[in-house]
Structure formats: structure tokens, C-alpha cells
There are 2 protein chains.
Amino acid sequence: MSRLVKPHGGGELKPLLLSGTALKDELARAKGLKQVKMSSRETGDLIMMGIGGFTPLEGFMTKLDWQGICDGYKMANGLFWPIPVTLSTDDEGVQEGDEVALVSDTGDIMGTMKITEKYTIDKAHECMQVYKTTDLEHPGVKMVMAQGKYNLAGPVKVLSDGGFKAKYGDQFMTPAETRAKFEALGWSKIAAFQTRNPMHRSHEYLAKIAIETMDGVLIHSLLGALKPGDIPAEVRSEAIQVLIDNYFVKDTVIQAGYPLDMRYAGPREALLHALFRQNYGCSHLIVGRDHAGVGDYYGPFDAQKIFDEIPKGSLETVNMNIDWTFWCKKCGGMASQRTCPHTKDDRILLSGTKVRAMLSEGQDLPVEFSRPEVAAVLKKYYASLSAEQNVKIELKGHSAA
Amino acid sequence: MSRLVKPHGGGELKPLLLSGTALKDELARAKGLKQVKMSSRETGDLIMMGIGGFTPLEGFMTKLDWQGICDGYKMANGLFWPIPVTLSTDDEGVQEGDEVALVSDTGDIMGTMKITEKYTIDKAHECMQVYKTTDLEHPGVKMVMAQGKYNLAGPVKVLSDGGFKAKYGDQFMTPAETRAKFEALGWSKIAAFQTRNPMHRSHEYLAKIAIETMDGVLIHSLLGALKPGDIPAEVRSEAIQVLIDNYFVKDTVIQAGYPLDMRYAGPREALLHALFRQNYGCSHLIVGRDHAGVGDYYGPFDAQKIFDEIPKGSLETVNMNIDWTFWCKKCGGMASQRTCPHTKDDRILLSGTKVRAMLSEGQDLPVEFSRPEVAAVLKKYYASLSAEQNVKIELKGHSAA
């Protein structure tokens with residue numbers, strides 16, 4: 001019997017991606033169906049349902065699900081879920097009962113859906129409940145507000161993995177694949193380290209604290225869309241790999257990616273991150289400072305606190321909280337605010353903007369901040385950008401965490 | 001309701017130390033009783049029963065308890081217990097049914113006991129089961145073999161804390177006191193760090209890994225008898241205190257001591273360490289390399305493995321395993337064999353003998369090995385010893401862990 005945490009809901013993984021003849025037949029049928037265009041976020045969600053990452057969902061959510069999740073973290077069937085997984089359209093012609101093809105923003109047929117409900121939502125309510133703001137400067141709010149007038153619910157069949165496997169190879173692992181890998185390594189206590197950025201020493205420290213007391217860490221990178229100015233997934237992946245190769249013990253860490261877009265919902269997104277990590281087989285999610293946050297919309301430890309606020313037993317995967325981490329000169333080592341009694345002046349702290357500026361100018365980062373091998377990968381990337389792009393990125397600012 | 005782990009056995013703490021009139025009356029009565037002399041180890045065990053550290057014991061163990069523990073970690077009543085807590089004598093005149101006064105090796109009346117059973121044991125069997133050897137070079141074996149011919153069982157009344165409170169003040173905390181302190185600080189996840197030596201950076205690192213993810217750490221020093229050549233408790237306590245004052249965040253760590261002698265039983269003693277830490281209110285016991293071991297009698301991680309071998313639910317307090325720790329030059333930081341992929345040559349490793357020699361000669365220790373403030377306390381101690389004592393100690397060797 002597996003010693004891994006059970007998939008969310010307590011049953012088996014439920015990947016909705018068809019294969020073989022079923023896939024071929026459904027693709028042929030899909031070509032004759034009316035098309036509904038998905039946003040990048042919706043496409044990511046569909047692929048996640050395809051690979052079983054959103055187990056036990058069977059399709060896009062109903063109004064009752066939406067309402068229950070916004071107001072009480074619960075789907076209509078009572079299952080815990082922190083953020084609505086919905087599909088929207090402006091198409092007046094699409095009706096309940098229709099069978100439609102789901103098409104990505106690049107025009108590819110990604111799935112089919114039987115529409116069981118067409119409904120409207122109070123977008124501002126979703127934003128206030130999920131993002132705690134209706135400020136359009138918040139990228140998640142902007143995304144919700146840009147959705148179509150109607151939401152469409154219904155079961156889906158998924159017909160594509162979005163090309164992630166082709167693009168990222170072994171690094172794009174499905175929940176079934178990470179689980180098989182964990183079993184093969186004999187792991188059961190596994191911390192997921194969520195990242196959308198390259199790993200500097202502060203992130204290495206977080207991962208290593210977990211490794212000291214658990215079986216291993218899954219460094220789990222977001223492969224979906226990010227904010228403009230964030231480091232592209234390929235560069236990030238290369239920078240993480242040189243770190244693993246030079247500074248981690250073999251078979252204590254696995255690098256993999258998942259297909260979602262960032263929502264930047266802070267605390268609620270941390271819960272979603274834990275939920276789908278449960279499907280990937282991880283017993284813990286490392287939750288640091290300002291997890292999945294953006295700007296100043298959330299308190300730095302709100303994403304840790306929310307795990308204590310949800311009903312007990314909502315998730316099997318639990319949070320492993322770690323405070324803000326850094327190199328402290330007086331400690332002569334990596335530390336966090338929980339383990340370093342010294343002052344800000346003793347710590348090597350660089351803002352994302354500063355790091356970017358230094359790398360763009362070809363400067364070295366302090367070895368206490370970033371491993372030289374990692375910095376070299378990032379320097380090469382910035383050198384490949386035009387001067388104009390670098391200035392643009394610099395003006396946008398950037399969160400290092 | 002307390003969020004702390006329950007005392008061993010699931011009931012209330014059971015301190016057997018009398019107070020007030022009951023103490024006065026029993027002391028007066030004890031003076032008229034036949035005396036049984038206890039060894040240092042037996043005296044420590046009695047004091048531990050006095051302060052509730054050996055809850056729920058009510059006295060020294062019977063033959064059935066002894067047998068059950070040696071052969072299956074279980075007292076006659078079925079309760080998990082890893083090492084016999086017995087009292088011995090050579091006195092032919094002491095009989096079952098006698099009331100006796102229990103006297104320390106320094107002649108102080110420590111308690112009274114109603115003898116319910118006088119029995120003999122197979123000492124070699126106890127040694128093989130508990131210490132896994134009958135080699136008289138093993139200090140635990142030597143201790144058992146030096147015991148009296150007979151064991152005496154029966155309920156005790158404890159009349160003294162052995163003067164530990166007077167000698168160590170606030171640092172000598174009873175289980176009721178540590179529990180009250182944890183409650184006051186709002187702690188529930190607490191790791192006990194067992195030590196009988198000063199803390200160098202490797203030990204600081206172990207404690208800090210626990211602090212990163214838990215509420216706090218109890219640095220719990222043995223105040224009882226050690227091997228010749230070990231650092232005296234007062235010096236150790238001072239060295240630990242300067243470390244806490246300079247390198248730990250306030251209210252993340254508590255230094256306290258407990259009155260037992262070391263048995264050096266390795267794996268079995270690690271279980272005993274976890275058992276009484278449960279009474280002190282700790283949810284975890286940090287178990288490093290060669291915990292409570294001596295010489296080469298135990299594999300370096302036997303004391304970690306044994307926690308997986310005992311029946312589930314034997315203890316509420318669980319082990320937090322950490323590998324061998326050190327400073328690695330290539331990592332540029334503290335690490336363990338689980339987090340450092342580099343080689344022995346990259347690591348700063350000093351034997352206990354080497355450390356002692358350097359300190360005795362007034363040399364500085366590398367800052368990657370020991371905090372200068374800690375090294376200064378130890379240097380002062382070695383400088384206070386005569387040259388002859390230093391040579392003797394050096395010849396004896398010394399385990400730094």
C-alpha cells in the first residue's frame with residue numbers, strides 16, 4: 001500500500017486527458033463542434049484537469065460551486081476548494097445542452113465540454129472574496145474582470161497536454177508520474193517547494209531545511225504564464241538545475257513543473273498550491289513569506305495563517321511555514337527571522353530590482369546571496385536581451401521571492 | 001485544554017516528591033528506618049521519579065517489569081518502557097515487607113520505600129538486551145555488573161530533589177515547570193535537544209533546523225554523572241548560555257537540565273530520552289548521529305531506526321532525525337550529509353580530542369566550528385585545570401557529539 005498522501009477527495013487520481021482511439025475519435029468529433037475560446041488561465045486549468053492535478057474535478061465549475069468556494073471554500077458537494085475553476089465566454093449563442101470544443105488562445109483544440117449551465121457571476125464579489133481587493137492593478141483581479149459575461153459549467157474531456165511534455169520533457173511530470181517516482185525512491189514525507197523564480201541561496205536554504213528532516217523535496221516550477229518581466233521557465237529551469245547539480249545530494253530533490261498560470265491570490269492560492277501538491281503526492285508545502293502574493297495586497301504571513309483558519313481535515317497536505325530567509329554576517333550563515341537575532345544591517349538583502357540591475361550590467365552577485373553557477377545562467381540570459389528590454393524590465397520591478 | 005503532548009501513560013504527571021508536613025513527617029520516620037544505599041544512577045532515577053520525569057512510575061521495578069522491558073520494551077502492566085529502572089543491594093538482611101530509607105552515595109536520605117519484592121536478575125541478559133554487549137569497557141555494562149546481587153522493588157516516597165534546584169536554580173526545571181513555561185509561551189510543537197556537552201556550531205545548527213519549523217527548542221542538559229573527562233555541567237551551562245544570548249532569537253529556546261546519569265545505552269536510551277521528554281511536554285526529540293552512544297557499540301543511526309521498530313503509539317513524542325552536521329567550505333555554510341554533496345576534505349571536522357587539545361593549549365577554534373564566545377568559556381575552563389589533569393583528559397579521548 002502506498003504511504004503517500006491520498007489524492008484530494010480521498011479517491012484515485014482522476015486525469016481527464018483521453019488517449020489512444022478515444023483521443024482520436026474525440027478530436028475528430030471536436031472539429032465539427034462550435035468553439036469556445038479559453039484564456040491562458042482557463043487553458044492551464046483545463047490541462048491541469050487533464051493530467052489529474054485538479055483531481056477530483058470533472059469539469060468547469062457550476063454557479064453553486066463558484067458561490068460556495070467564494071463564500072466558504074466549499075464546492076456544492078461539500079468538497080474543500082479555495083479558488084473557483086471557471087470558464088467564461090461572451091458568446092450569446094452558446095446554450096445549455098450544447099457540446100462545444102474548447103480552444104486555446106493560440107487556436108488549438110484542447111478539449112470538449114458538455115455545457116450543463118450558463119450563468120453570470122458578480123465578478124467584484126469573486127475578487128473581494130478570493131483576492132481581497134477589486135483593484136485593477138492586481139493581476140488576478142484584472143484577469144477576472146477581463147473574463148466574459150457568462151460562465152459555462154460542465155464536464156470536460158481533455159485532448160491535449162498543451163505541448164508541455166514536448167517542450168519540457170521529463171521535467172513536465174504528471175501527478176501519476178511524481179507519485180511513481182516518489183514510490184521508487186521510497187519517499188513518503190515530501191515537501192513541495194513552489195517557485196516561479198530562479199532559486200537564490202535563501203530558496204536553497206528553505207529546501208534544505210525540509211531535506212534535513214524529510215525524505216525529499218519536489219522543486220515545482222510554474223510553467224504557465226507569469227507577469228511581464230519574470231524570468232522565462234527555460235532559463236529558470238536551467239538555473240535551478242545547476243543549483244541542484246552543484247549543491248544538493250543526489251536523490252534528495254526532484255525538479256518538475258506544472259502547467260498553471262499564476263493568479264497571485266496570495267493566501268487562497270497557497271491553499272490551491274497545497275491542494276494540487278496533494279495530488280502530486282507531496283505531504284507538505286513549503287510556505288514562505290508572501291507566498292503567491294503580489295504588491296502589498298497581503299500580509300507577509302497571511303498565506304501561512306490561512307492554513308489554521310480552514311476546517312481541520314480540508315487537506316491532507318499540510319503547510320511547512322518558514323520565515324523570511326537571508327545570509328547574516330553575524331550568524332556567518334543562512335538564517336531566518338526565527339533563527340537570527342541580529343539586525344537588518346547584518347543581513348545581505350537585495351531587492352529583485354537590484355538583482356536584475358546587477359545581472360543586466362554583468363555584475364557578480366554576492367556569493368552569500370546567489371551561487372555563482374546560478375548567477376552565471378541569469379547573467380547569460382540578461383546579456384541576451386536587448387538594452388531596451390532590460391530597461392523595460394527594470395522599470396517594472398520584480399519580486400525576488 | 002493543553003495542546004501539549006500528554007504525560008507518558010496518558011494520565012497526569014505523577015511527581016513522587018513529598019512536600020510540607022508530609023515531607024517533614026516522612027523524613028522523621030525515615031531516620032528510624034533501615035538504610036539502603038543507592039548508586040549515583042539509582043539516585044538520579046529516584047529524583048526523576050520525584051519530579052515526575054518518570055511518570056507514571058510509582059517506584060523501582062519488579063522482576064516481571066525487568067523481564068518484560070529487557071525482552072519486549074514492556075512493563076508487566078503493558079506500558080512501554082525501554083530501560084529497567086531498578087534498585088540493587090548486596091544486603092542479605094533486607095527482606096520483602098521491610099520499610100527502608102533510600103540513601104545517596106553521599107549519605108543523604110533521599111526517599112523511603114516499601115519493599116514488595118526482592119529478586120535476582122541475569123545481569124548479562126540485561127546487558128545484552130539493553131546495551132547489546134557484555135563488554136566491561138562499556139560504562140553502562142560496567143554499571144550494571146557493579147550492581148548488588150539483589151534487586152529491590154516497591155513504591156517509593158521521594159524526600160529530596162538532590163539539591164539540583166539549589167545548585168542550578170531556574171535551570172533545573174521539573175516537567176510541571178517546563179509545561180507551564182511552554183503554555184505561557186503558547187508553544188505546542190517543541191523539540192528537545194538532549195546534550196551532555198557544550199554546543200558547537202553543528203549542535204546550534206540542529207537546534208535551529210527545529211526552530212525554523214517548530215515553536216521552540218528545549219536545550220535539555222544532563223546534570224547527573226558523566227564519564228571522567230566530560231565537561232562539568234556548570235561550564236557547559238555557561239557555554240550554552242553565551243551561545244543562546246548571542247545567536248538565538250529571544251523566546252525560541254529554553255535551557256534546562258535534568259538529574260539523570262548517562263547510561264550510554266544508545267538506541268534504548270534514545271527511547272528513554274523521548275519518553276521522559278514527553279513528560280516534560282516536548283513533542284519531538286532531536287536524534288542525531290550516535291545518540292547516547294559510546295565507543296563503537298552502536299551504528300551511527302541505530303538510535304534513529306529504533307523509533308520505527310517499536311510498536312506504533314508507544315510514545316506520543318516522536319523523533320526528529322538529523323544526519324551528521326558540519327561546516328562545508330564548498331557549501332559555504334552549515335550542512336549535513338543529507339544536504340551537502342561534497343567530500344570530507346571540504347568539511348571542517350575536528351575530533352573531540354583535537355578540540356580539547358586546542359583549547360587546553362589556549363588556541364582558538366575555527367569560527368566555522370565553534371562560536372568565539374563559546375570557545376572562550378571552554379578555554380577559560382581548560383586553563384583552570386592543572387597541566388596534569390589536561391594530559392589525563394586528553395589521553396582519555398572525548399566524543400564531541
# chains A, B, ... in the order shown; residues from 1 in each chain; ligands from 1
$ interface_residues --of "chain B" --to "chain A" --cutoff "7 Å" --atoms "only C-alpha atoms" --output "compact mmCIF listing (two decimals) with C-alpha atoms, in the first residue's frame"
# COMPACT_ATOMS: atom_id res chain seq x y z
CA LYS B 208 17.96 25.90 14.53
CA ILE B 209 16.56 23.47 11.98
CA ILE B 211 13.28 26.25 15.40
CA GLU B 212 12.72 27.05 11.71
CA THR B 213 9.64 24.85 11.64
CA TYR B 247 22.94 33.61 18.41
CA PHE B 248 19.33 32.75 19.18
CA VAL B 249 16.18 34.83 18.94
CA MET B 320 13.25 14.28 14.61
CA ASN B 321 16.19 12.66 12.88
CA ILE B 322 19.11 14.72 11.72
CA CYS B 331 28.52 24.89 0.57
CA GLY B 333 27.54 27.10 5.33
CA ARG B 338 21.75 14.88 3.61
CA THR B 339 22.23 18.41 2.28
CA CYS B 340 25.93 18.61 1.37
CA PRO B 341 27.03 16.74 -1.77
$ select_by_dssp --residues "segment 75-199 of chain B" --states "helix (DSSP H, G or I)" --output "VMD selection string"
chain B and resid 123 to 131 139 to 145 164 to 171 175 to 185
$ select_by_dssp --residues "segment 249-399 of chain A" --states "strand (DSSP E)" --output "JSON, numbers by chain"
{"A": [253, 254, 255, 256, 257, 258, 284, 285, 286, 287, 318, 319, 320, 321, 325, 326, 327, 328, 333, 334, 335, 336, 347, 348]}
$ write_last_selection --atoms "N, CA, C and O atoms" --output "short mmCIF file (atom, residue, chain, number, x, y, z; two decimals), in the first residue's frame"
data_model
loop_
_atom_site.label_atom_id
_atom_site.label_comp_id
_atom_site.auth_asym_id
_atom_site.auth_seq_id
_atom_site.Cartn_x
_atom_site.Cartn_y
_atom_site.Cartn_z
N VAL A 253 16.22 15.58 -4.13
CA VAL A 253 15.45 16.65 -4.73
C VAL A 253 15.08 16.28 -6.17
O VAL A 253 15.85 15.64 -6.88
N ILE A 254 13.87 16.67 -6.56
CA ILE A 254 13.40 16.45 -7.93
C ILE A 254 12.90 17.78 -8.46
O ILE A 254 12.14 18.47 -7.78
N GLN A 255 13.32 18.13 -9.66
CA GLN A 255 12.79 19.33 -10.29
C GLN A 255 11.68 18.94 -11.26
O GLN A 255 11.87 18.09 -12.11
N ALA A 256 10.54 19.58 -11.15
CA ALA A 256 9.44 19.33 -12.09
C ALA A 256 8.62 20.60 -12.24
O ALA A 256 8.80 21.56 -11.49
N GLY A 257 7.76 20.59 -13.24
CA GLY A 257 6.95 21.78 -13.49
C GLY A 257 5.49 21.43 -13.65
O GLY A 257 5.14 20.28 -13.86
N TYR A 258 4.64 22.42 -13.51
CA TYR A 258 3.20 22.22 -13.66
C TYR A 258 2.64 23.35 -14.51
O TYR A 258 3.22 24.44 -14.58
N HIS A 284 3.80 17.84 2.25
CA HIS A 284 3.98 19.19 2.77
C HIS A 284 4.13 20.20 1.64
O HIS A 284 4.63 19.86 0.56
N LEU A 285 3.71 21.42 1.90
CA LEU A 285 4.00 22.54 1.00
C LEU A 285 4.80 23.56 1.80
O LEU A 285 4.35 24.00 2.87
N ILE A 286 5.97 23.92 1.30
CA ILE A 286 6.75 24.97 1.97
C ILE A 286 6.07 26.30 1.70
O ILE A 286 5.82 26.67 0.55
N VAL A 287 5.71 27.00 2.77
CA VAL A 287 5.06 28.30 2.64
C VAL A 287 5.95 29.35 3.29
O VAL A 287 6.12 29.36 4.51
N VAL A 318 -0.05 19.38 4.31
CA VAL A 318 -0.01 20.48 5.27
C VAL A 318 1.10 21.47 4.93
O VAL A 318 1.99 21.18 4.14
N ASN A 319 0.98 22.63 5.53
CA ASN A 319 1.97 23.68 5.30
C ASN A 319 3.19 23.49 6.18
O ASN A 319 3.08 23.08 7.33
N MET A 320 4.34 23.79 5.62
CA MET A 320 5.57 23.86 6.42
C MET A 320 6.01 25.31 6.33
O MET A 320 6.51 25.76 5.30
N ASN A 321 5.73 26.06 7.39
CA ASN A 321 5.97 27.50 7.37
C ASN A 321 7.44 27.81 7.59
O ASN A 321 8.06 27.26 8.49
N THR A 325 14.11 34.43 4.87
CA THR A 325 15.47 33.87 4.99
C THR A 325 16.51 34.74 4.28
O THR A 325 16.18 35.44 3.31
N PHE A 326 17.74 34.64 4.74
CA PHE A 326 18.82 35.52 4.24
C PHE A 326 20.16 35.04 4.80
O PHE A 326 20.20 34.21 5.70
N TRP A 327 21.22 35.59 4.28
CA TRP A 327 22.55 35.43 4.88
C TRP A 327 22.74 36.52 5.92
O TRP A 327 22.48 37.69 5.65
N CYS A 328 23.18 36.11 7.12
CA CYS A 328 23.50 37.10 8.15
C CYS A 328 25.00 37.05 8.42
O CYS A 328 25.56 35.98 8.66
N GLY A 333 26.11 32.69 8.33
CA GLY A 333 25.38 31.59 7.69
C GLY A 333 23.99 32.03 7.28
O GLY A 333 23.58 33.16 7.55
N MET A 334 23.29 31.12 6.63
CA MET A 334 21.90 31.36 6.27
C MET A 334 21.06 31.29 7.54
O MET A 334 21.36 30.52 8.46
N ALA A 335 20.03 32.07 7.57
CA ALA A 335 19.16 32.08 8.75
C ALA A 335 17.82 32.67 8.34
O ALA A 335 17.63 33.12 7.21
N SER A 336 16.89 32.65 9.28
CA SER A 336 15.61 33.31 9.07
C SER A 336 15.38 34.25 10.24
O SER A 336 16.16 34.27 11.20
N ARG A 347 22.44 41.75 7.64
CA ARG A 347 21.94 40.79 6.67
C ARG A 347 22.18 41.25 5.23
O ARG A 347 22.11 42.45 4.96
N ILE A 348 22.43 40.29 4.37
CA ILE A 348 22.60 40.64 2.96
C ILE A 348 21.25 40.50 2.26
O ILE A 348 20.77 39.40 2.02
#
$ residues_around --residues "segment 234-242 of chain B" --least-positions-apart "2" --cutoff "8 Å" --atoms "only C-alpha atoms" --output "list in words"
Arg196, Asn197, Pro198, Met199, Ser221, Ile231, Pro232, Ile244, Asp245, Asn246, Gln255, Glu373, Val374, Ala375, Val377, Leu378 and Tyr381 of chain B
$ residues_around --residues "segment 128-144 of chain A" --least-positions-apart "3" --cutoff "7 Å" --atoms "only C-alpha atoms" --output "VMD selection string"
chain A and resid 70 to 71 83 123 to 125 147 263 to 265 268
$ residues_around --residues "Trp66 of chain A" --least-positions-apart "5" --cutoff "12 Å" --atoms "only C-alpha atoms" --output "PyMOL selection string"
chain A and resi 60-61+71-77+80-87+119-123+125-127+129-130+151-153
$ atom_distance --atom1 "atom CA of Thr21 of chain B" --atom2 "atom CA of Val158 of chain B"
13.5 Å
$ atom_distance --atom1 "atom CA of Met113 of chain B" --atom2 "atom CA of Gly93 of chain B"
15.4 Å
$ atom_distance --atom1 "atom CA of Asp98 of chain A" --atom2 "atom CA of Arg29 of chain A"
13.5 Å
$ residues_around --residues "Leu350 of chain B" --least-positions-apart "4" --cutoff "12 Å" --atoms "only C-alpha atoms" --output "PyMOL selection string"
chain B and resi 200-202+325-327+344-345+354-358+365-366+368-370+398-401
$ write_last_selection --atoms "N, CA, C and O atoms" --output "mmCIF file, in the first residue's frame"
data_model
loop_
_atom_site.group_PDB
_atom_site.id
_atom_site.type_symbol
_atom_site.label_atom_id
_atom_site.label_comp_id
_atom_site.auth_asym_id
_atom_site.auth_seq_id
_atom_site.Cartn_x
_atom_site.Cartn_y
_atom_site.Cartn_z
ATOM 1 N N HIS B 200 28.598 23.262 19.950
ATOM 2 C CA HIS B 200 29.369 23.900 18.892
ATOM 3 C C HIS B 200 28.408 24.226 17.745
ATOM 4 O O HIS B 200 27.200 24.049 17.875
ATOM 5 N N ARG B 201 28.943 24.711 16.636
ATOM 6 C CA ARG B 201 28.029 25.154 15.568
ATOM 7 C C ARG B 201 27.186 24.014 15.012
ATOM 8 O O ARG B 201 26.056 24.227 14.577
ATOM 9 N N SER B 202 27.731 22.811 15.016
ATOM 10 C CA SER B 202 26.944 21.686 14.498
ATOM 11 C C SER B 202 25.695 21.471 15.352
ATOM 12 O O SER B 202 24.620 21.173 14.821
ATOM 13 N N THR B 325 26.247 16.698 11.121
ATOM 14 C CA THR B 325 26.303 18.086 10.651
ATOM 15 C C THR B 325 27.693 18.698 10.802
ATOM 16 O O THR B 325 28.468 18.274 11.667
ATOM 17 N N PHE B 326 27.969 19.715 9.987
ATOM 18 C CA PHE B 326 29.318 20.305 9.923
ATOM 19 C C PHE B 326 29.268 21.554 9.052
ATOM 20 O O PHE B 326 28.267 21.826 8.388
ATOM 21 N N TRP B 327 30.359 22.306 9.061
ATOM 22 C CA TRP B 327 30.546 23.388 8.108
ATOM 23 C C TRP B 327 31.202 22.808 6.864
ATOM 24 O O TRP B 327 32.190 22.070 6.958
ATOM 25 N N LYS B 344 34.582 14.852 2.282
ATOM 26 C CA LYS B 344 35.146 15.035 3.613
ATOM 27 C C LYS B 344 36.169 16.161 3.645
ATOM 28 O O LYS B 344 36.245 16.914 4.617
ATOM 29 N N ASP B 345 36.947 16.262 2.564
ATOM 30 C CA ASP B 345 38.007 17.282 2.523
ATOM 31 C C ASP B 345 37.447 18.699 2.502
ATOM 32 O O ASP B 345 38.153 19.657 2.821
ATOM 33 N N LYS B 354 40.949 16.520 19.477
ATOM 34 C CA LYS B 354 41.636 17.655 18.863
ATOM 35 C C LYS B 354 41.124 18.984 19.457
ATOM 36 O O LYS B 354 41.906 19.873 19.771
ATOM 37 N N VAL B 355 39.797 19.080 19.589
ATOM 38 C CA VAL B 355 39.196 20.296 20.146
ATOM 39 C C VAL B 355 39.733 20.552 21.538
ATOM 40 O O VAL B 355 40.148 21.663 21.882
ATOM 41 N N ARG B 356 39.758 19.502 22.338
ATOM 42 C CA ARG B 356 40.236 19.603 23.707
ATOM 43 C C ARG B 356 41.708 20.017 23.749
ATOM 44 O O ARG B 356 42.103 20.879 24.540
ATOM 45 N N ALA B 357 42.487 19.431 22.865
ATOM 46 C CA ALA B 357 43.919 19.759 22.826
ATOM 47 C C ALA B 357 44.107 21.227 22.457
ATOM 48 O O ALA B 357 44.882 21.947 23.090
ATOM 49 N N MET B 358 43.363 21.688 21.453
ATOM 50 C CA MET B 358 43.497 23.083 21.021
ATOM 51 C C MET B 358 43.118 24.037 22.155
ATOM 52 O O MET B 358 43.798 25.017 22.423
ATOM 53 N N LEU B 365 39.511 28.080 18.257
ATOM 54 C CA LEU B 365 38.878 27.112 17.352
ATOM 55 C C LEU B 365 38.435 27.863 16.097
ATOM 56 O O LEU B 365 38.142 29.056 16.155
ATOM 57 N N PRO B 366 38.370 27.185 14.950
ATOM 58 C CA PRO B 366 37.866 27.861 13.747
ATOM 59 C C PRO B 366 36.448 28.386 14.010
ATOM 60 O O PRO B 366 35.643 27.700 14.648
ATOM 61 N N GLU B 368 34.122 28.543 12.068
ATOM 62 C CA GLU B 368 33.141 27.671 11.414
ATOM 63 C C GLU B 368 32.820 26.460 12.285
ATOM 64 O O GLU B 368 31.856 25.758 12.044
ATOM 65 N N PHE B 369 33.655 26.210 13.293
ATOM 66 C CA PHE B 369 33.425 25.059 14.161
ATOM 67 C C PHE B 369 32.729 25.449 15.454
ATOM 68 O O PHE B 369 31.829 24.763 15.934
ATOM 69 N N SER B 370 33.171 26.581 16.023
ATOM 70 C CA SER B 370 32.642 26.966 17.327
ATOM 71 C C SER B 370 32.519 28.481 17.398
ATOM 72 O O SER B 370 33.352 29.203 16.860
ATOM 73 N N HIS B 398 37.582 11.830 23.898
ATOM 74 C CA HIS B 398 36.354 12.543 24.222
ATOM 75 C C HIS B 398 35.502 12.627 22.975
ATOM 76 O O HIS B 398 35.975 12.960 21.899
ATOM 77 N N SER B 399 34.249 12.318 23.140
ATOM 78 C CA SER B 399 33.342 12.433 21.997
ATOM 79 C C SER B 399 32.749 13.830 21.975
ATOM 80 O O SER B 399 32.205 14.295 22.960
ATOM 81 N N ALA B 400 32.871 14.496 20.832
ATOM 82 C CA ALA B 400 32.355 15.869 20.727
ATOM 83 C C ALA B 400 30.843 15.887 20.593
ATOM 84 O O ALA B 400 30.202 16.900 20.822
ATOM 85 N N ALA B 401 30.242 14.761 20.206
ATOM 86 C CA ALA B 401 28.795 14.775 19.895
ATOM 87 C C ALA B 401 27.967 14.580 21.156
ATOM 88 O O ALA B 401 28.453 14.062 22.150
#
$ residues_around --residues "Ser384 of chain A" --least-positions-apart "5" --cutoff "12 Å" --atoms "only C-alpha atoms" --output "list in words"
Val235, Leu359, Ser360, Glu361, Gly362, Val377, Leu378, Lys379, Gln389 and Asn390 of chain A
